[in-house]
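Text of final.cif (mmCIF, C-alpha atoms and all ligand atoms) as supplied:
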data_entry
loop_
_atom_site.label_atom_id
_atom_site.label_comp_id
_atom_site.auth_asym_id
_atom_site.auth_seq_id
_atom_site.Cartn_x
_atom_site.Cartn_y
_atom_site.Cartn_z
CA MET A 1 96.03 66.58 170.89
CA THR A 2 95.56 64.50 167.76
CA GLU A 3 94.52 66.55 164.73
CA GLU A 4 91.28 64.90 163.61
CA LEU A 5 91.29 65.13 159.82
CA PHE A 6 87.79 63.66 159.44
CA LEU A 7 86.23 66.67 161.19
CA GLY A 8 87.11 69.01 158.32
CA ASP A 9 86.87 66.50 155.48
CA SER A 10 84.95 63.22 155.76
CA TYR A 11 86.48 62.01 152.47
CA VAL A 12 90.14 61.78 153.61
CA ARG A 13 90.97 58.10 153.29
CA GLN A 14 94.79 58.17 153.16
CA PHE A 15 97.15 60.32 155.22
CA GLU A 16 100.68 60.59 156.57
CA ALA A 17 101.44 61.21 160.22
CA ARG A 18 104.18 61.25 162.87
CA VAL A 19 104.20 58.78 165.73
CA VAL A 20 103.61 60.53 169.06
CA GLU A 21 103.47 57.44 171.24
CA LEU A 22 103.86 53.76 170.55
CA SER A 23 103.17 51.19 173.22
CA GLY A 24 102.62 47.55 172.35
CA ARG A 25 99.69 47.35 169.96
CA GLU A 26 98.59 50.94 170.58
CA VAL A 27 99.69 53.98 168.58
CA ILE A 28 98.99 57.69 168.97
CA LEU A 29 99.69 59.89 165.93
CA ASP A 30 99.92 63.67 165.53
CA ARG A 31 97.04 63.52 163.00
CA THR A 32 94.57 60.90 161.85
CA ALA A 33 91.68 60.17 159.51
CA PHE A 34 90.51 57.25 161.69
CA TYR A 35 87.17 58.06 163.33
CA PRO A 36 87.43 56.93 166.97
CA GLY A 37 83.73 56.10 167.35
CA GLY A 38 80.95 58.04 169.02
CA GLY A 39 77.41 59.29 168.48
CA GLY A 40 76.29 55.85 167.28
CA GLN A 41 78.99 55.64 164.59
CA PRO A 42 81.51 52.77 165.04
CA PRO A 43 85.30 53.35 164.99
CA ASP A 44 87.09 53.01 161.64
CA LYS A 45 89.29 50.12 160.59
CA GLY A 46 92.15 50.08 158.08
CA THR A 47 95.96 49.89 158.02
CA LEU A 48 99.02 51.76 159.27
CA GLY A 49 102.45 51.13 157.82
CA ILE A 50 105.71 52.30 156.25
CA GLY A 51 107.96 50.30 153.90
CA PRO A 52 107.83 46.64 154.96
CA VAL A 53 106.15 47.51 158.27
CA ARG A 54 102.41 47.12 158.18
CA ALA A 55 99.63 46.46 160.68
CA SER A 56 95.87 46.45 160.61
CA VAL A 57 93.97 48.97 162.70
CA VAL A 58 91.34 46.81 164.41
CA ASP A 59 89.92 49.48 166.72
CA ALA A 60 90.25 53.17 167.59
CA ARG A 61 89.12 55.23 170.56
CA ARG A 62 89.38 58.76 171.91
CA GLU A 63 91.35 59.22 175.10
CA GLY A 64 91.39 62.80 176.31
CA GLY A 65 92.30 64.81 173.22
CA GLU A 66 94.03 61.92 171.54
CA VAL A 67 92.99 59.14 169.19
CA VAL A 68 94.42 55.75 170.16
CA HIS A 69 94.76 53.27 167.27
CA VAL A 70 94.71 49.58 168.27
CA LEU A 71 96.73 47.32 165.94
CA ASP A 72 96.49 43.59 165.26
CA ASN A 73 100.20 43.27 166.06
CA PRO A 74 102.90 45.61 167.43
CA ILE A 75 105.12 47.64 165.09
CA PRO A 76 108.83 48.35 165.85
CA ASP A 77 109.27 51.29 168.26
CA THR A 78 111.93 52.80 165.97
CA VAL A 79 109.23 53.81 163.48
CA ARG A 80 108.74 57.60 163.42
CA ASP A 81 106.35 58.16 160.48
CA LEU A 82 103.40 56.14 159.25
CA LYS A 83 100.98 56.12 156.37
CA GLY A 84 97.39 55.41 157.19
CA GLU A 85 94.66 54.07 154.99
CA LEU A 86 91.03 53.56 155.95
CA ASP A 87 88.92 50.55 155.08
CA TRP A 88 87.00 52.92 152.83
CA LYS A 89 84.16 50.60 151.89
CA ARG A 90 83.27 50.22 155.55
CA ARG A 91 83.70 53.93 156.44
CA TYR A 92 81.74 55.14 153.39
CA ALA A 93 78.89 52.80 154.36
CA HIS A 94 78.90 54.39 157.83
CA MET A 95 78.79 57.86 156.24
CA ARG A 96 75.81 56.98 154.05
CA HIS A 97 73.91 55.42 156.96
CA HIS A 98 74.81 58.30 159.27
CA THR A 99 73.53 60.99 156.91
CA ALA A 100 70.44 58.85 156.18
CA LEU A 101 69.72 58.84 159.93
CA HIS A 102 69.83 62.65 159.94
CA VAL A 103 67.47 62.82 156.94
CA LEU A 104 65.09 60.45 158.73
CA SER A 105 65.36 62.59 161.85
CA GLY A 106 64.53 65.74 159.85
CA VAL A 107 61.55 64.08 158.17
CA ILE A 108 59.94 62.66 161.30
CA TRP A 109 60.30 66.03 163.01
CA ARG A 110 58.93 68.01 160.05
CA ASN A 111 56.00 65.67 159.37
CA PHE A 112 55.23 64.11 162.76
CA GLU A 113 56.91 66.33 165.37
CA ALA A 114 58.69 63.27 166.71
CA LYS A 115 62.07 63.69 168.40
CA VAL A 116 65.02 61.35 168.00
CA THR A 117 66.27 59.70 171.18
CA GLY A 118 69.06 57.53 169.78
CA GLY A 119 70.61 55.99 166.70
CA GLN A 120 73.16 53.43 165.69
CA MET A 121 74.78 52.61 162.34
CA ARG A 122 76.56 49.61 160.90
CA VAL A 123 77.94 48.75 157.46
CA GLU A 124 74.78 46.95 156.35
CA ARG A 125 72.03 48.63 158.36
CA ALA A 126 71.06 51.32 160.84
CA ARG A 127 68.40 51.92 163.42
CA MET A 128 66.82 54.93 165.04
CA ASP A 129 64.84 55.38 168.23
CA PHE A 130 62.44 58.23 168.69
CA SER A 131 59.63 59.51 170.80
CA PHE A 132 56.56 59.29 168.59
CA PRO A 133 53.43 60.99 169.92
CA GLY A 134 50.89 59.63 167.41
CA GLU A 135 49.48 56.25 166.46
CA TRP A 136 52.12 53.76 165.37
CA THR A 137 50.83 51.69 162.45
CA THR A 138 52.28 50.01 159.37
CA ASP A 139 50.72 52.83 157.33
CA VAL A 140 52.61 55.46 159.31
CA VAL A 141 55.87 53.52 158.88
CA GLY A 142 55.22 53.28 155.12
CA GLU A 143 54.61 57.02 155.03
CA ILE A 144 57.88 57.69 156.87
CA GLU A 145 59.71 55.54 154.31
CA ARG A 146 58.08 57.34 151.38
CA LEU A 147 58.78 60.84 152.75
CA THR A 148 62.38 59.95 153.62
CA ASN A 149 63.04 58.59 150.13
CA GLU A 150 61.54 61.73 148.65
CA ALA A 151 63.93 63.86 150.73
CA LEU A 152 66.90 61.63 149.84
CA SER A 153 66.28 61.98 146.12
CA GLU A 154 66.07 65.78 146.33
CA GLY A 155 69.88 65.93 146.28
CA ARG A 156 70.21 68.18 149.30
CA PRO A 157 73.73 69.42 150.11
CA VAL A 158 75.16 68.44 153.50
CA LYS A 159 77.17 71.27 155.05
CA ILE A 160 79.59 70.92 157.94
CA TYR A 161 80.78 73.99 159.84
CA GLU A 162 81.46 75.36 163.29
CA LEU A 163 79.48 77.89 165.33
CA PRO A 164 80.29 79.63 168.61
CA ARG A 165 78.27 77.94 171.38
CA GLU A 166 76.09 81.01 172.12
CA GLU A 167 75.12 81.36 168.48
CA ALA A 168 74.40 77.64 168.06
CA LEU A 169 72.07 77.63 171.06
CA LYS A 170 69.88 80.32 169.47
CA ASN A 171 68.95 77.96 166.64
CA PRO A 172 65.65 76.17 167.47
CA ASP A 173 66.70 73.10 165.42
CA LEU A 174 69.83 72.77 167.51
CA ILE A 175 67.87 73.12 170.74
CA ARG A 176 65.46 70.42 169.56
CA THR A 177 68.36 68.07 168.85
CA GLN A 178 69.80 68.90 172.28
CA ALA A 179 72.94 70.81 171.35
CA ASN A 180 72.56 72.27 174.85
CA LEU A 181 73.71 68.88 176.17
CA VAL A 182 77.15 69.43 174.63
CA PRO A 183 79.43 70.01 177.67
CA GLU A 184 79.70 73.67 178.74
CA ARG A 185 83.50 73.70 178.21
CA VAL A 186 82.96 73.14 174.46
CA ARG A 187 82.92 76.70 173.14
CA VAL A 188 82.70 75.96 169.43
CA ILE A 189 80.10 73.48 168.24
CA ARG A 190 80.42 71.45 165.04
CA ILE A 191 77.24 71.58 163.01
CA VAL A 192 76.00 69.13 160.37
CA GLU A 193 73.27 70.74 158.27
CA ILE A 194 71.23 68.99 155.60
CA GLU A 195 70.02 71.99 153.67
CA GLY A 196 66.41 72.83 154.42
CA LEU A 197 65.78 69.67 156.44
CA ASP A 198 67.89 69.00 159.52
CA THR A 199 70.56 70.75 161.59
CA GLN A 200 72.39 68.98 164.42
CA ALA A 201 75.43 69.30 166.64
CA ASP A 202 77.41 66.27 165.51
CA GLY A 203 80.95 64.89 165.52
CA GLY A 204 80.52 62.16 162.93
CA THR A 205 81.36 61.73 159.25
CA HIS A 206 78.82 62.38 156.50
CA VAL A 207 78.37 62.30 152.73
CA ALA A 208 78.36 65.68 150.95
CA ASN A 209 74.96 65.30 149.32
CA THR A 210 71.87 63.17 150.08
CA SER A 211 72.01 61.84 146.50
CA GLU A 212 75.00 59.69 147.56
CA ILE A 213 72.77 57.75 149.94
CA GLY A 214 70.41 56.15 147.44
CA GLN A 215 67.09 54.91 148.75
CA LEU A 216 66.12 53.57 152.13
CA GLU A 217 64.05 50.50 152.94
CA ILE A 218 62.55 50.11 156.38
CA THR A 219 63.12 46.46 157.34
CA GLY A 220 61.70 46.51 160.84
CA HIS A 221 59.80 48.64 163.27
CA LYS A 222 58.77 48.13 166.83
CA SER A 223 57.16 49.80 169.75
CA LYS A 224 59.30 49.98 172.87
CA GLY A 225 56.74 51.42 175.20
CA ARG A 226 53.95 53.94 174.74
CA GLN A 227 56.04 56.67 173.08
CA ASN A 228 59.36 55.00 172.30
CA LYS A 229 59.54 53.62 168.78
CA ARG A 230 62.32 52.02 166.76
CA ILE A 231 62.91 51.87 163.02
CA GLU A 232 65.51 49.65 161.34
CA PHE A 233 66.52 50.22 157.74
CA VAL A 234 68.91 49.23 154.97
CA LEU A 235 70.07 51.32 151.98
CA ARG A 236 69.50 50.33 148.37
ZN ZN A 301 74.71 62.12 163.82
#
Written as structure tokens, that's how I'd like the structure from this file.
Ligand SMILES: [Zn+2]
Amino acid sequence: MTEELFLGDSYVRQFEARVVELSGREVILDRTAFYPGGGGQPPDKGTLGIGPVRASVVDARREGGEVVHVLDNPIPDTVRDLKGELDWKRRYAHMRHHTALHVLSGVIWRNFEAKVTGGQMRVERARMDFSFPGEWTTDVVGEIERLTNEALSEGRPVKIYELPREEALKNPDLIRTQANLVPERVRVIRIVEIEGLDTQADGGTHVANTSEIGQLEITGHKSKGRQNKRIEFVLR
């Protein structure tokens, strides 16, 4: 099992690790700060190296309990230890967009009782799909933008912790965001809570406070069927 450093601390951007398995352009380490992708958040990029040996991490994925790093070129199989460094600009952008998506999710539930059905983040933008019961007009979209920016500027702390499955499933917020869909074998659920606004079962990386996000600008919205709506936004 790879120790996933980003689960406990989203701000780890450099780390040292031992090589567990090296085959061609793929490396498995005993610990890593590279997020392997999932939940709408793309895998991290960055570098792995030691001394004169250095390669770019162009992709990462989870395979069983391990994180596989994909390199741009192979490194010698005599290498035992490596230093890793994330492309921090890219990862931090993902963190800001990811937490912004949770704020948006909290706002549209609190104010419109609309449930999120999906989300995706990139370095420059993000989008969210949800099931919106009411009328879908430019005015409503403007109102969502205003309320979300209000919540962002309130400087709400973002807390990450673990709860036993049984306890997590008693929380109505977690039921709403479908924590019950986390596989039964997962006994401890990782929670991302934006104080007073949104609580979700989540494996991604987040900023520590909504004030790090700045302000959001909705750049597109569309209707994908009677209930299914999509919002696209950028951060300012
Ligand atoms: Zn999330």
I need every residue sitting at most 10 Å from the point (56.9, 45.5, 160.9) (coordinates as in the file, only C-alpha atoms considered), written as an mmCIF file with C-alpha atoms, in the frame of the given file.
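Result file out.cif:
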data_model
loop_
_atom_site.group_PDB
_atom_site.id
_atom_site.type_symbol
_atom_site.label_atom_id
_atom_site.label_comp_id
_atom_site.auth_asym_id
_atom_site.auth_seq_id
_atom_site.Cartn_x
_atom_site.Cartn_y
_atom_site.Cartn_z
ATOM 1 C CA THR A 137 50.830 51.690 162.450
ATOM 2 C CA THR A 138 52.280 50.010 159.370
ATOM 3 C CA VAL A 141 55.870 53.520 158.880
ATOM 4 C CA GLY A 142 55.220 53.280 155.120
ATOM 5 C CA ILE A 218 62.550 50.110 156.380
ATOM 6 C CA THR A 219 63.120 46.460 157.340
ATOM 7 C CA GLY A 220 61.700 46.510 160.840
ATOM 8 C CA HIS A 221 59.800 48.640 163.270
ATOM 9 C CA LYS A 222 58.770 48.130 166.830
ATOM 10 C CA SER A 223 57.160 49.800 169.750
ATOM 11 C CA ILE A 231 62.910 51.870 163.020
ATOM 12 C CA GLU A 232 65.510 49.650 161.340
#
Enclosing box along x, y and z for every listed atom of region 192-207 of chain A, padded 5 Å each side, centre and size in Å, one decimal, as AutoDock Vina command-line options:
--center_x 73.6 --center_y 67.3 --center_z 159.7 --size_x 25.6 --size_y 21.1 --size_z 23.9
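Closest approach to Glu154 (chain A) among A:Val116, A:Ile175, A:Leu197, A:Ile75 is made by A:Leu197 (distances from only C-alpha atoms).
Distances to ligand ZN 301 (chain A) were evaluated for A:Glu217, A:Asp202, A:Asp72, A:Asp59 using all atoms listed in the file, and the minimum falls at A:Asp202.
Only residues having an atom at most 9 Å from (100.2, 56.7, 167.2) are included; using only C-alpha atoms, these are Ala17, Arg18, Val19, Val20, Glu21, Leu22, Ser23, Glu26, Val27, Ile28, Leu29, Asp30, Arg31, Thr32, Val67, Val68, His69 and Leu82 of chain A.
Going from CA of Leu7 (chain A) over to CA of Glu63 (chain A), you cover 16.6 Å.
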Inset, instruction - Record the distance separating CA of Thr2 (chain A) and CA of Glu66 (chain A), expressed in Å with one decimal. - result: 4.8 Å
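The neighbours of Pro43 (chain A) here are the residues that come within 10 Å of it, using all atoms listed in the file and leaving out any residue fewer than 4 positions away in the same chain; they are Phe34, Tyr35, Pro36, Gly37, Gly38, Val57, Val58, Asp59, Ala60, Arg61, Arg62, His69, Arg91 and His94 of chain A.
Between CA of Thr148 (chain A) and CA of Arg230 (chain A) lies a distance of 15.3 Å.
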Inset, instruction - Write as a PyMOL selection string the residues around ligand ZN 301 (chain A), taking 8 Å as the cut-off and counting only C-alpha atoms and all ligand atoms. - result: chain A and resi 39-41+98-99+101-102+119+192+200-204
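Excluding Val207 (chain A) and any residue on its chain fewer than 4 positions from it, the residues at most 9 Å away by all atoms listed in the file are Ser10, Tyr11, Tyr92, Met95, Arg96, His98, Thr99, Pro157, Val158, Ser211, Glu212 and Ile213 of chain A.
Residues in contact range of Phe130 (chain A), defined as at most 7 Å between all atoms listed in the file, with sequence neighbours fewer than 4 positions away removed, read A:Ala114, A:Lys115, A:Val116, A:Thr117, A:Gly118, A:Asn228, A:Lys229, A:Arg230.
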Could you model all heavy atoms for region 9-20 of chain A and present them as a PDB file, in the frame of the given file?
ATOM      1  N   ASP A   9      87.107  67.140 156.771  1.00  0.00           N
ATOM      2  CA  ASP A   9      86.870  66.500 155.480  1.00  0.00           C
ATOM      3  C   ASP A   9      86.605  65.006 155.687  1.00  0.00           C
ATOM      4  O   ASP A   9      87.521  64.240 155.974  1.00  0.00           O
ATOM      5  CB  ASP A   9      88.089  66.714 154.569  1.00  0.00           C
ATOM      6  CG  ASP A   9      87.869  66.145 153.179  1.00  0.00           C
ATOM      7  OD1 ASP A   9      86.823  65.505 152.933  1.00  0.00           O
ATOM      8  OD2 ASP A   9      88.765  66.328 152.331  1.00  0.00           O
ATOM      9  N   SER A  10      85.341  64.620 155.529  1.00  0.00           N
ATOM     10  CA  SER A  10      84.950  63.220 155.760  1.00  0.00           C
ATOM     11  C   SER A  10      85.537  62.282 154.698  1.00  0.00           C
ATOM     12  O   SER A  10      85.501  61.065 154.858  1.00  0.00           O
ATOM     13  CB  SER A  10      83.420  63.080 155.721  1.00  0.00           C
ATOM     14  OG  SER A  10      82.821  63.799 156.769  1.00  0.00           O
ATOM     15  N   TYR A  11      86.043  62.843 153.591  1.00  0.00           N
ATOM     16  CA  TYR A  11      86.480  62.010 152.470  1.00  0.00           C
ATOM     17  C   TYR A  11      87.985  61.708 152.473  1.00  0.00           C
ATOM     18  O   TYR A  11      88.485  61.089 151.537  1.00  0.00           O
ATOM     19  CB  TYR A  11      86.097  62.663 151.141  1.00  0.00           C
ATOM     20  CG  TYR A  11      84.591  62.645 150.913  1.00  0.00           C
ATOM     21  CD1 TYR A  11      83.766  63.610 151.488  1.00  0.00           C
ATOM     22  CD2 TYR A  11      83.994  61.640 150.146  1.00  0.00           C
ATOM     23  CE1 TYR A  11      82.392  63.586 151.297  1.00  0.00           C
ATOM     24  CE2 TYR A  11      82.628  61.607 149.943  1.00  0.00           C
ATOM     25  CZ  TYR A  11      81.828  62.579 150.526  1.00  0.00           C
ATOM     26  OH  TYR A  11      80.463  62.556 150.343  1.00  0.00           O
ATOM     27  N   VAL A  12      88.711  62.134 153.510  1.00  0.00           N
ATOM     28  CA  VAL A  12      90.140  61.780 153.610  1.00  0.00           C
ATOM     29  C   VAL A  12      90.243  60.304 153.928  1.00  0.00           C
ATOM     30  O   VAL A  12      89.740  59.853 154.954  1.00  0.00           O
ATOM     31  CB  VAL A  12      90.851  62.597 154.718  1.00  0.00           C
ATOM     32  CG1 VAL A  12      92.305  62.149 154.848  1.00  0.00           C
ATOM     33  CG2 VAL A  12      90.776  64.084 154.436  1.00  0.00           C
ATOM     34  N   ARG A  13      90.866  59.534 153.023  1.00  0.00           N
ATOM     35  CA  ARG A  13      90.970  58.100 153.290  1.00  0.00           C
ATOM     36  C   ARG A  13      92.403  57.629 153.417  1.00  0.00           C
ATOM     37  O   ARG A  13      92.681  56.511 153.841  1.00  0.00           O
ATOM     38  CB  ARG A  13      90.220  57.282 152.248  1.00  0.00           C
ATOM     39  CG  ARG A  13      90.591  57.611 150.817  1.00  0.00           C
ATOM     40  CD  ARG A  13      89.850  56.682 149.902  1.00  0.00           C
ATOM     41  NE  ARG A  13      88.863  57.386 149.097  1.00  0.00           N
ATOM     42  CZ  ARG A  13      88.197  56.827 148.093  1.00  0.00           C
ATOM     43  NH1 ARG A  13      88.397  55.557 147.801  1.00  0.00           N
ATOM     44  NH2 ARG A  13      87.344  57.527 147.383  1.00  0.00           N
ATOM     45  N   GLN A  14      93.373  58.480 152.990  1.00  0.00           N
ATOM     46  CA  GLN A  14      94.790  58.170 153.160  1.00  0.00           C
ATOM     47  C   GLN A  14      95.466  59.394 153.772  1.00  0.00           C
ATOM     48  O   GLN A  14      95.092  60.524 153.440  1.00  0.00           O
ATOM     49  CB  GLN A  14      95.452  57.920 151.805  1.00  0.00           C
ATOM     50  CG  GLN A  14      95.030  56.617 151.173  1.00  0.00           C
ATOM     51  CD  GLN A  14      95.653  56.432 149.798  1.00  0.00           C
ATOM     52  OE1 GLN A  14      95.802  57.403 149.049  1.00  0.00           O
ATOM     53  NE2 GLN A  14      96.013  55.210 149.468  1.00  0.00           N
ATOM     54  N   PHE A  15      96.459  59.182 154.608  1.00  0.00           N
ATOM     55  CA  PHE A  15      97.150  60.320 155.220  1.00  0.00           C
ATOM     56  C   PHE A  15      98.529  59.876 155.709  1.00  0.00           C
ATOM     57  O   PHE A  15      98.802  58.685 155.833  1.00  0.00           O
ATOM     58  CB  PHE A  15      96.330  60.886 156.387  1.00  0.00           C
ATOM     59  CG  PHE A  15      96.163  59.913 157.531  1.00  0.00           C
ATOM     60  CD1 PHE A  15      96.973  59.989 158.657  1.00  0.00           C
ATOM     61  CD2 PHE A  15      95.230  58.889 157.460  1.00  0.00           C
ATOM     62  CE1 PHE A  15      96.839  59.077 159.709  1.00  0.00           C
ATOM     63  CE2 PHE A  15      95.091  57.962 158.499  1.00  0.00           C
ATOM     64  CZ  PHE A  15      95.895  58.072 159.626  1.00  0.00           C
ATOM     65  N   GLU A  16      99.379  60.871 155.977  1.00  0.00           N
ATOM     66  CA  GLU A  16     100.680  60.590 156.570  1.00  0.00           C
ATOM     67  C   GLU A  16     100.725  61.273 157.919  1.00  0.00           C
ATOM     68  O   GLU A  16     100.159  62.353 158.086  1.00  0.00           O
ATOM     69  CB  GLU A  16     101.799  61.131 155.674  1.00  0.00           C
ATOM     70  CG  GLU A  16     101.915  60.319 154.398  1.00  0.00           C
ATOM     71  CD  GLU A  16     102.927  60.918 153.414  1.00  0.00           C
ATOM     72  OE1 GLU A  16     103.815  61.677 153.862  1.00  0.00           O
ATOM     73  OE2 GLU A  16     102.802  60.624 152.215  1.00  0.00           O
ATOM     74  N   ALA A  17     101.408  60.643 158.873  1.00  0.00           N
ATOM     75  CA  ALA A  17     101.440  61.210 160.220  1.00  0.00           C
ATOM     76  C   ALA A  17     102.725  60.830 160.941  1.00  0.00           C
ATOM     77  O   ALA A  17     103.420  59.890 160.541  1.00  0.00           O
ATOM     78  CB  ALA A  17     100.236  60.713 161.015  1.00  0.00           C
ATOM     79  N   ARG A  18     103.034  61.567 162.006  1.00  0.00           N
ATOM     80  CA  ARG A  18     104.180  61.250 162.870  1.00  0.00           C
ATOM     81  C   ARG A  18     103.685  60.464 164.078  1.00  0.00           C
ATOM     82  O   ARG A  18     102.594  60.712 164.594  1.00  0.00           O
ATOM     83  CB  ARG A  18     104.850  62.530 163.356  1.00  0.00           C
ATOM     84  CG  ARG A  18     105.456  63.381 162.264  1.00  0.00           C
ATOM     85  CD  ARG A  18     106.463  64.343 162.872  1.00  0.00           C
ATOM     86  NE  ARG A  18     107.684  63.644 163.261  1.00  0.00           N
ATOM     87  CZ  ARG A  18     108.777  63.596 162.507  1.00  0.00           C
ATOM     88  NH1 ARG A  18     108.809  64.207 161.345  1.00  0.00           N
ATOM     89  NH2 ARG A  18     109.839  62.939 162.931  1.00  0.00           N
ATOM     90  N   VAL A  19     104.531  59.556 164.528  1.00  0.00           N
ATOM     91  CA  VAL A  19     104.200  58.780 165.730  1.00  0.00           C
ATOM     92  C   VAL A  19     104.455  59.659 166.958  1.00  0.00           C
ATOM     93  O   VAL A  19     105.530  60.225 167.113  1.00  0.00           O
ATOM     94  CB  VAL A  19     105.063  57.504 165.809  1.00  0.00           C
ATOM     95  CG1 VAL A  19     104.835  56.778 167.128  1.00  0.00           C
ATOM     96  CG2 VAL A  19     104.759  56.587 164.626  1.00  0.00           C
ATOM     97  N   VAL A  20     103.457  59.780 167.817  1.00  0.00           N
ATOM     98  CA  VAL A  20     103.610  60.530 169.060  1.00  0.00           C
ATOM     99  C   VAL A  20     103.927  59.572 170.203  1.00  0.00           C
ATOM    100  O   VAL A  20     104.771  59.826 171.043  1.00  0.00           O
ATOM    101  CB  VAL A  20     102.315  61.329 169.376  1.00  0.00           C
ATOM    102  CG1 VAL A  20     102.362  61.963 170.752  1.00  0.00           C
ATOM    103  CG2 VAL A  20     102.065  62.387 168.297  1.00  0.00           C
TER     104      VAL A  20
END
